[in-house]
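K.L.:
This is the content of input-v3.cif (mmCIF, C-alpha atoms, pLDDT in the B column; chains and numbers go by the auth columns):
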```cif
data_run
loop_
_atom_site.group_PDB
_atom_site.id
_atom_site.type_symbol
_atom_site.label_atom_id
_atom_site.label_comp_id
_atom_site.label_asym_id
_atom_site.label_seq_id
_atom_site.Cartn_x
_atom_site.Cartn_y
_atom_site.Cartn_z
_atom_site.B_iso_or_equiv
_atom_site.auth_seq_id
_atom_site.auth_asym_id
ATOM 1 C CA MET A 1 97.245 105.666 105.955 95.00 48 A
ATOM 2 C CA ASP A 2 95.987 102.624 104.051 97.00 49 A
ATOM 3 C CA LEU A 3 98.004 99.431 104.188 98.00 50 A
ATOM 4 C CA ASN A 4 97.358 96.208 102.288 98.00 51 A
ATOM 5 C CA ILE A 5 98.497 93.479 104.668 98.00 52 A
ATOM 6 C CA ASN A 6 97.975 89.816 103.818 98.00 53 A
ATOM 7 C CA GLY A 7 95.283 90.770 101.330 97.00 54 A
ATOM 8 C CA ALA A 8 93.290 92.943 103.732 98.00 55 A
ATOM 9 C CA ARG A 9 93.010 96.714 103.589 98.00 56 A
ATOM 10 C CA ILE A 10 93.898 98.151 106.989 97.00 57 A
ATOM 11 C CA GLU A 11 93.733 101.817 107.998 97.00 58 A
ATOM 12 C CA VAL A 12 96.464 102.730 110.491 97.00 59 A
ATOM 13 C CA GLN A 13 97.247 105.867 112.415 97.00 60 A
ATOM 14 C CA ALA A 14 101.027 106.043 112.657 97.00 61 A
ATOM 15 C CA ASP A 15 103.873 108.438 112.082 98.00 62 A
ATOM 16 C CA PRO A 16 104.788 108.026 108.376 98.00 63 A
ATOM 17 C CA ALA A 17 108.456 107.596 109.377 98.00 64 A
ATOM 18 C CA MET A 18 107.706 104.782 111.849 98.00 65 A
ATOM 19 C CA PRO A 19 109.360 101.541 110.725 98.00 66 A
ATOM 20 C CA LEU A 20 106.914 99.010 109.298 98.00 67 A
ATOM 21 C CA LEU A 21 108.108 96.495 111.907 98.00 68 A
ATOM 22 C CA TRP A 22 106.748 98.595 114.756 98.00 69 A
ATOM 23 C CA VAL A 23 103.472 99.290 112.965 98.00 70 A
ATOM 24 C CA LEU A 24 103.015 95.545 112.532 98.00 71 A
ATOM 25 C CA ARG A 25 104.045 94.599 116.074 98.00 72 A
ATOM 26 C CA ASP A 26 102.925 97.517 118.233 98.00 73 A
ATOM 27 C CA VAL A 27 100.033 99.087 116.332 98.00 74 A
ATOM 28 C CA LEU A 28 98.493 95.996 114.711 98.00 75 A
ATOM 29 C CA GLN A 29 99.620 93.364 117.273 98.00 76 A
ATOM 30 C CA MET A 30 101.006 91.147 114.488 98.00 77 A
ATOM 31 C CA THR A 31 103.953 89.750 116.420 98.00 78 A
ATOM 32 C CA GLY A 32 105.104 87.041 114.014 97.00 79 A
ATOM 33 C CA THR A 33 107.600 89.461 112.471 98.00 80 A
ATOM 34 C CA LYS A 34 110.523 89.724 114.876 98.00 81 A
ATOM 35 C CA PHE A 35 112.916 92.477 115.916 98.00 82 A
ATOM 36 C CA GLY A 36 116.528 91.392 115.715 96.00 83 A
ATOM 37 C CA CYS A 37 119.115 94.085 115.110 96.00 84 A
ATOM 38 C CA GLY A 38 117.303 97.234 114.000 97.00 85 A
ATOM 39 C CA ILE A 39 119.823 97.906 111.205 98.00 86 A
ATOM 40 C CA ALA A 40 118.608 95.501 108.482 97.00 87 A
ATOM 41 C CA ALA A 41 121.523 93.137 109.007 97.00 88 A
ATOM 42 C CA CYS A 42 119.973 90.015 110.544 97.00 89 A
ATOM 43 C CA GLY A 43 116.712 89.559 108.624 97.00 90 A
ATOM 44 C CA ALA A 44 114.504 88.531 111.557 98.00 91 A
ATOM 45 C CA CYS A 45 112.114 91.312 110.511 98.00 92 A
ATOM 46 C CA THR A 46 111.820 90.264 106.853 98.00 93 A
ATOM 47 C CA VAL A 47 108.401 90.621 105.228 98.00 94 A
ATOM 48 C CA ARG A 48 107.429 90.683 101.568 98.00 95 A
ATOM 49 C CA VAL A 49 106.410 93.901 99.825 98.00 96 A
ATOM 50 C CA ASP A 50 105.077 93.389 96.306 98.00 97 A
ATOM 51 C CA GLY A 51 106.716 89.955 96.431 97.00 98 A
ATOM 52 C CA GLN A 52 110.182 91.216 97.383 98.00 99 A
ATOM 53 C CA ALA A 53 111.915 90.428 100.669 98.00 100 A
ATOM 54 C CA VAL A 54 112.143 93.656 102.692 98.00 101 A
ATOM 55 C CA ARG A 55 113.714 94.340 106.083 98.00 102 A
ATOM 56 C CA SER A 56 110.824 95.966 107.928 98.00 103 A
ATOM 57 C CA CYS A 57 112.960 97.413 110.743 98.00 104 A
ATOM 58 C CA VAL A 58 114.315 100.116 108.407 98.00 105 A
ATOM 59 C CA THR A 59 111.316 100.524 106.080 98.00 106 A
ATOM 60 C CA PRO A 60 109.243 103.633 106.806 98.00 107 A
ATOM 61 C CA VAL A 61 105.579 102.661 106.831 98.00 108 A
ATOM 62 C CA ALA A 62 104.726 105.524 104.433 98.00 109 A
ATOM 63 C CA SER A 63 106.938 103.933 101.766 98.00 110 A
ATOM 64 C CA VAL A 64 104.732 100.816 101.652 98.00 111 A
ATOM 65 C CA ALA A 65 101.293 102.446 101.849 97.00 112 A
ATOM 66 C CA GLY A 66 99.030 100.916 99.216 96.00 113 A
ATOM 67 C CA ARG A 67 101.541 98.190 98.330 98.00 114 A
ATOM 68 C CA ALA A 68 100.999 94.460 98.925 98.00 115 A
ATOM 69 C CA ILE A 69 102.590 93.545 102.262 98.00 116 A
ATOM 70 C CA GLN A 70 102.800 89.894 103.307 98.00 117 A
ATOM 71 C CA THR A 71 103.816 88.859 106.804 98.00 118 A
ATOM 72 C CA ILE A 72 104.392 85.413 108.227 98.00 119 A
ATOM 73 C CA GLU A 73 100.767 85.465 109.410 98.00 120 A
ATOM 74 C CA GLY A 74 99.698 85.544 105.757 98.00 121 A
ATOM 75 C CA LEU A 75 102.014 82.828 104.447 97.00 122 A
ATOM 76 C CA GLY A 76 99.956 79.799 105.474 95.00 123 A
ATOM 77 C CA THR A 77 97.841 78.362 108.263 93.00 124 A
ATOM 78 C CA ALA A 78 98.119 75.412 110.610 92.00 125 A
ATOM 79 C CA ALA A 79 95.388 73.688 108.595 95.00 126 A
ATOM 80 C CA LYS A 80 96.912 74.594 105.232 95.00 127 A
ATOM 81 C CA PRO A 81 100.608 75.404 105.590 96.00 128 A
ATOM 82 C CA HIS A 82 102.570 76.970 102.758 96.00 129 A
ATOM 83 C CA PRO A 83 104.893 74.415 101.088 97.00 130 A
ATOM 84 C CA LEU A 84 107.841 76.169 102.733 97.00 131 A
ATOM 85 C CA GLN A 85 106.294 75.828 106.178 97.00 132 A
ATOM 86 C CA ALA A 86 105.658 72.116 105.555 97.00 133 A
ATOM 87 C CA ALA A 87 109.245 71.702 104.323 97.00 134 A
ATOM 88 C CA TRP A 88 110.581 73.611 107.352 97.00 135 A
ATOM 89 C CA ILE A 89 108.834 71.088 109.596 96.00 136 A
ATOM 90 C CA ALA A 90 109.893 68.061 107.544 97.00 137 A
ATOM 91 C CA GLU A 91 113.540 69.164 107.524 97.00 138 A
ATOM 92 C CA GLN A 92 113.430 70.154 111.217 97.00 139 A
ATOM 93 C CA VAL A 93 114.832 73.597 110.415 96.00 140 A
ATOM 94 C CA PRO A 94 114.007 75.548 113.584 92.00 141 A
ATOM 95 C CA GLN A 95 115.990 75.250 116.751 91.00 142 A
ATOM 96 C CA CYS A 96 115.274 78.350 118.805 91.00 143 A
ATOM 97 C CA GLY A 97 112.960 79.565 116.022 91.00 144 A
ATOM 98 C CA TYR A 98 113.473 83.291 116.488 94.00 145 A
ATOM 99 C CA CYS A 99 114.762 83.986 112.967 95.00 146 A
ATOM 100 C CA GLN A 100 112.378 81.599 111.230 96.00 147 A
ATOM 101 C CA SER A 101 109.593 83.993 110.217 97.00 148 A
ATOM 102 C CA GLY A 102 112.129 86.199 108.446 98.00 149 A
ATOM 103 C CA MET A 103 113.817 83.178 106.881 97.00 150 A
ATOM 104 C CA LEU A 104 110.505 81.866 105.586 98.00 151 A
ATOM 105 C CA MET A 105 109.556 85.223 104.078 98.00 152 A
ATOM 106 C CA ALA A 106 112.946 85.540 102.349 98.00 153 A
ATOM 107 C CA ALA A 107 112.613 81.965 101.054 98.00 154 A
ATOM 108 C CA ALA A 108 109.084 82.673 99.762 98.00 155 A
ATOM 109 C CA ALA A 109 110.388 85.688 97.835 98.00 156 A
ATOM 110 C CA LEU A 110 113.196 83.540 96.406 98.00 157 A
ATOM 111 C CA LEU A 111 110.845 80.776 95.228 98.00 158 A
ATOM 112 C CA GLU A 112 108.484 83.274 93.644 97.00 159 A
ATOM 113 C CA LYS A 113 111.374 84.670 91.606 97.00 160 A
ATOM 114 C CA LYS A 114 113.229 81.374 91.046 97.00 161 A
ATOM 115 C CA PRO A 115 110.979 78.309 91.461 97.00 162 A
ATOM 116 C CA LYS A 116 113.938 75.913 91.105 97.00 163 A
ATOM 117 C CA PRO A 117 116.823 77.751 92.802 97.00 164 A
ATOM 118 C CA THR A 118 120.417 76.620 92.650 97.00 165 A
ATOM 119 C CA ASP A 119 122.616 76.514 95.741 97.00 166 A
ATOM 120 C CA ALA A 120 124.121 79.819 94.588 97.00 167 A
ATOM 121 C CA ASP A 121 120.633 81.360 94.261 98.00 168 A
ATOM 122 C CA ILE A 122 119.820 80.241 97.792 98.00 169 A
ATOM 123 C CA ASP A 123 123.101 81.595 99.153 96.00 170 A
ATOM 124 C CA VAL A 124 122.446 85.021 97.626 96.00 171 A
ATOM 125 C CA ALA A 125 118.783 85.250 98.645 97.00 172 A
ATOM 126 C CA MET A 126 119.136 83.898 102.166 97.00 173 A
ATOM 127 C CA SER A 127 121.226 86.605 103.785 96.00 174 A
ATOM 128 C CA ASN A 128 119.316 86.201 107.067 96.00 175 A
ATOM 129 C CA ILE A 129 121.354 85.330 110.148 95.00 176 A
ATOM 130 C CA CYS A 130 120.529 82.224 112.166 93.00 177 A
ATOM 131 C CA ARG A 131 122.428 82.059 115.450 91.00 178 A
ATOM 132 C CA CYS A 132 121.634 78.339 115.711 92.00 179 A
ATOM 133 C CA GLY A 133 123.356 77.713 112.378 93.00 180 A
ATOM 134 C CA THR A 134 120.636 75.723 110.611 94.00 181 A
ATOM 135 C CA TYR A 135 121.700 76.922 107.157 95.00 182 A
ATOM 136 C CA GLN A 136 122.038 73.418 105.655 96.00 183 A
ATOM 137 C CA ARG A 137 118.529 72.569 106.859 97.00 184 A
ATOM 138 C CA VAL A 138 117.245 75.835 105.392 97.00 185 A
ATOM 139 C CA ARG A 139 118.757 74.916 102.025 97.00 186 A
ATOM 140 C CA ALA A 140 117.239 71.426 102.183 97.00 187 A
ATOM 141 C CA ALA A 141 113.816 72.831 103.090 98.00 188 A
ATOM 142 C CA ILE A 142 113.881 75.340 100.241 98.00 189 A
ATOM 143 C CA LYS A 143 114.750 72.578 97.804 97.00 190 A
ATOM 144 C CA ARG A 144 112.030 70.348 99.263 97.00 191 A
ATOM 145 C CA ALA A 145 109.445 73.110 98.876 97.00 192 A
ATOM 146 C CA ALA A 146 110.616 73.623 95.298 97.00 193 A
ATOM 147 C CA GLY A 147 110.145 69.910 94.598 94.00 194 A
ATOM 148 C CA MET A 148 113.876 69.333 94.210 79.00 195 A
ATOM 149 C CA ARG A 149 116.164 66.793 95.804 60.00 196 A
ATOM 150 C CA ALA A 150 118.219 68.342 98.559 51.00 197 A
#
```
Have the structure of the file written as structure tokens, please.
P.N.:
Amino acid sequence: MDLNINGARIEVQADPAMPLLWVLRDVLQMTGTKFGCGIAACGACTVRVDGQAVRSCVTPVASVAGRAIQTIEGLGTAAKPHPLQAAWIAEQVPQCGYCQSGMLMAAAALLEKKPKPTDADIDVAMSNICRCGTYQRVRAAIKRAAGMRA
């Protein structure tokens, strides 16, 4: 099936019911998207599909064929980081870092929909779980990326 990942058309041979997470990680070797819980509760596996935050661990790959999929690998680069990535660094968000790719993808979807989010907007959109508890830093980084005072 044809997938559109980070702006590139990629042909994959996979069971249509296989979760997108495993196609990304095991078939395409794109390991930035993480496995956390496998039941769409933690958000470590969050990617964007047509701009929306999606939990890839429960998303059958066939359901996203032909749609625009963005992974953490397509958000920015070391030379040209996305504003969220720069804000994440400036606010020292990561501790262990495991949940961060999913957090960044959820935050990118939020800012696309609401460029100047309120605290309530952030609380609703950022349902990802961070075991290190960096939620206040996440909020500050989102506001920094949006050009708002934290």
K.L.:
Hey, what comes out of the PyMOL selection byres ((chain A and resi 71-87) around 12) on this file? Could you write it as an mmCIF file with C-alpha atoms, in the coordinates of the input?
P.N.:
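Dumped everything to result_33.cif:
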```cif
data_model
loop_
_atom_site.group_PDB
_atom_site.id
_atom_site.type_symbol
_atom_site.label_atom_id
_atom_site.label_comp_id
_atom_site.auth_asym_id
_atom_site.auth_seq_id
_atom_site.Cartn_x
_atom_site.Cartn_y
_atom_site.Cartn_z
ATOM 1 C CA LEU A 50 98.004 99.431 104.188
ATOM 2 C CA ASN A 51 97.358 96.208 102.288
ATOM 3 C CA ILE A 52 98.497 93.479 104.668
ATOM 4 C CA ASN A 53 97.975 89.816 103.818
ATOM 5 C CA ILE A 57 93.898 98.151 106.989
ATOM 6 C CA GLU A 58 93.733 101.817 107.998
ATOM 7 C CA VAL A 59 96.464 102.730 110.491
ATOM 8 C CA GLN A 60 97.247 105.867 112.415
ATOM 9 C CA ALA A 61 101.027 106.043 112.657
ATOM 10 C CA ASP A 62 103.873 108.438 112.082
ATOM 11 C CA MET A 65 107.706 104.782 111.849
ATOM 12 C CA PRO A 66 109.360 101.541 110.725
ATOM 13 C CA LEU A 67 106.914 99.010 109.298
ATOM 14 C CA LEU A 68 108.108 96.495 111.907
ATOM 15 C CA TRP A 69 106.748 98.595 114.756
ATOM 16 C CA VAL A 70 103.472 99.290 112.965
ATOM 17 C CA ALA A 88 121.523 93.137 109.007
ATOM 18 C CA CYS A 89 119.973 90.015 110.544
ATOM 19 C CA GLY A 90 116.712 89.559 108.624
ATOM 20 C CA ALA A 91 114.504 88.531 111.557
ATOM 21 C CA CYS A 92 112.114 91.312 110.511
ATOM 22 C CA THR A 93 111.820 90.264 106.853
ATOM 23 C CA VAL A 94 108.401 90.621 105.228
ATOM 24 C CA ARG A 95 107.429 90.683 101.568
ATOM 25 C CA ALA A 100 111.915 90.428 100.669
ATOM 26 C CA VAL A 101 112.143 93.656 102.692
ATOM 27 C CA ARG A 102 113.714 94.340 106.083
ATOM 28 C CA SER A 103 110.824 95.966 107.928
ATOM 29 C CA CYS A 104 112.960 97.413 110.743
ATOM 30 C CA VAL A 105 114.315 100.116 108.407
ATOM 31 C CA THR A 106 111.316 100.524 106.080
ATOM 32 C CA PRO A 107 109.243 103.633 106.806
ATOM 33 C CA VAL A 108 105.579 102.661 106.831
ATOM 34 C CA ILE A 116 102.590 93.545 102.262
ATOM 35 C CA GLN A 117 102.800 89.894 103.307
ATOM 36 C CA THR A 118 103.816 88.859 106.804
ATOM 37 C CA ILE A 119 104.392 85.413 108.227
ATOM 38 C CA GLU A 120 100.767 85.465 109.410
ATOM 39 C CA GLY A 121 99.698 85.544 105.757
ATOM 40 C CA LEU A 122 102.014 82.828 104.447
ATOM 41 C CA GLY A 144 112.960 79.565 116.022
ATOM 42 C CA TYR A 145 113.473 83.291 116.488
ATOM 43 C CA CYS A 146 114.762 83.986 112.967
ATOM 44 C CA GLN A 147 112.378 81.599 111.230
ATOM 45 C CA SER A 148 109.593 83.993 110.217
ATOM 46 C CA GLY A 149 112.129 86.199 108.446
ATOM 47 C CA MET A 150 113.817 83.178 106.881
ATOM 48 C CA LEU A 151 110.505 81.866 105.586
ATOM 49 C CA MET A 152 109.556 85.223 104.078
ATOM 50 C CA SER A 174 121.226 86.605 103.785
ATOM 51 C CA ASN A 175 119.316 86.201 107.067
ATOM 52 C CA ILE A 176 121.354 85.330 110.148
ATOM 53 C CA CYS A 177 120.529 82.224 112.166
ATOM 54 C CA ARG A 178 122.428 82.059 115.450
#
```
K.L.:
Which neighbours of A:Ala192 fall inside 7 Å, counting only C-alpha atoms, when residues of the same chain fewer than 3 positions from it are skipped, and could you give them as a list in words?
P.N.:
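These residues fall inside the cut-off: Pro130, Leu131, Ala134, Ala188 and Ile189 of chain A.
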K.L.:
For A:Val185, which residue out of A:Pro141, A:Gly98, A:Gly113, A:Pro63 is the nearest one, using all atoms listed in the file?
P.N.:
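Under the stated criterion, the closest residue is A:Pro141.
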K.L.:
Go through A:Met48, A:Gly54, A:Ala126, A:Ala137 and flag the residue nearest A:Ala109, using all atoms listed in the file for the distances.
P.N.:
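Comparing A:Met48, A:Gly54, A:Ala126, A:Ala137 against A:Ala109, the winner is A:Met48.
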K.L.:
Using all atoms listed in the file for the distances, tell me which of A:Met173, A:Ala155, A:Lys161, A:Arg184 is nearest to A:Gly123.
P.N.:
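Nearest to A:Gly123: A:Ala155.
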K.L.:
Find the distance between atom CA of A:Ala115 and atom CA of A:Val96 and write it in Å to one decimal.
P.N.:
5.5 Å
K.L.:
Restricting the calculation to all atoms listed in the file: of A:Asp49, A:Asp168, A:Glu138, A:Glu159, which residue gets closest to A:Val111?
P.N.:
A:Asp49
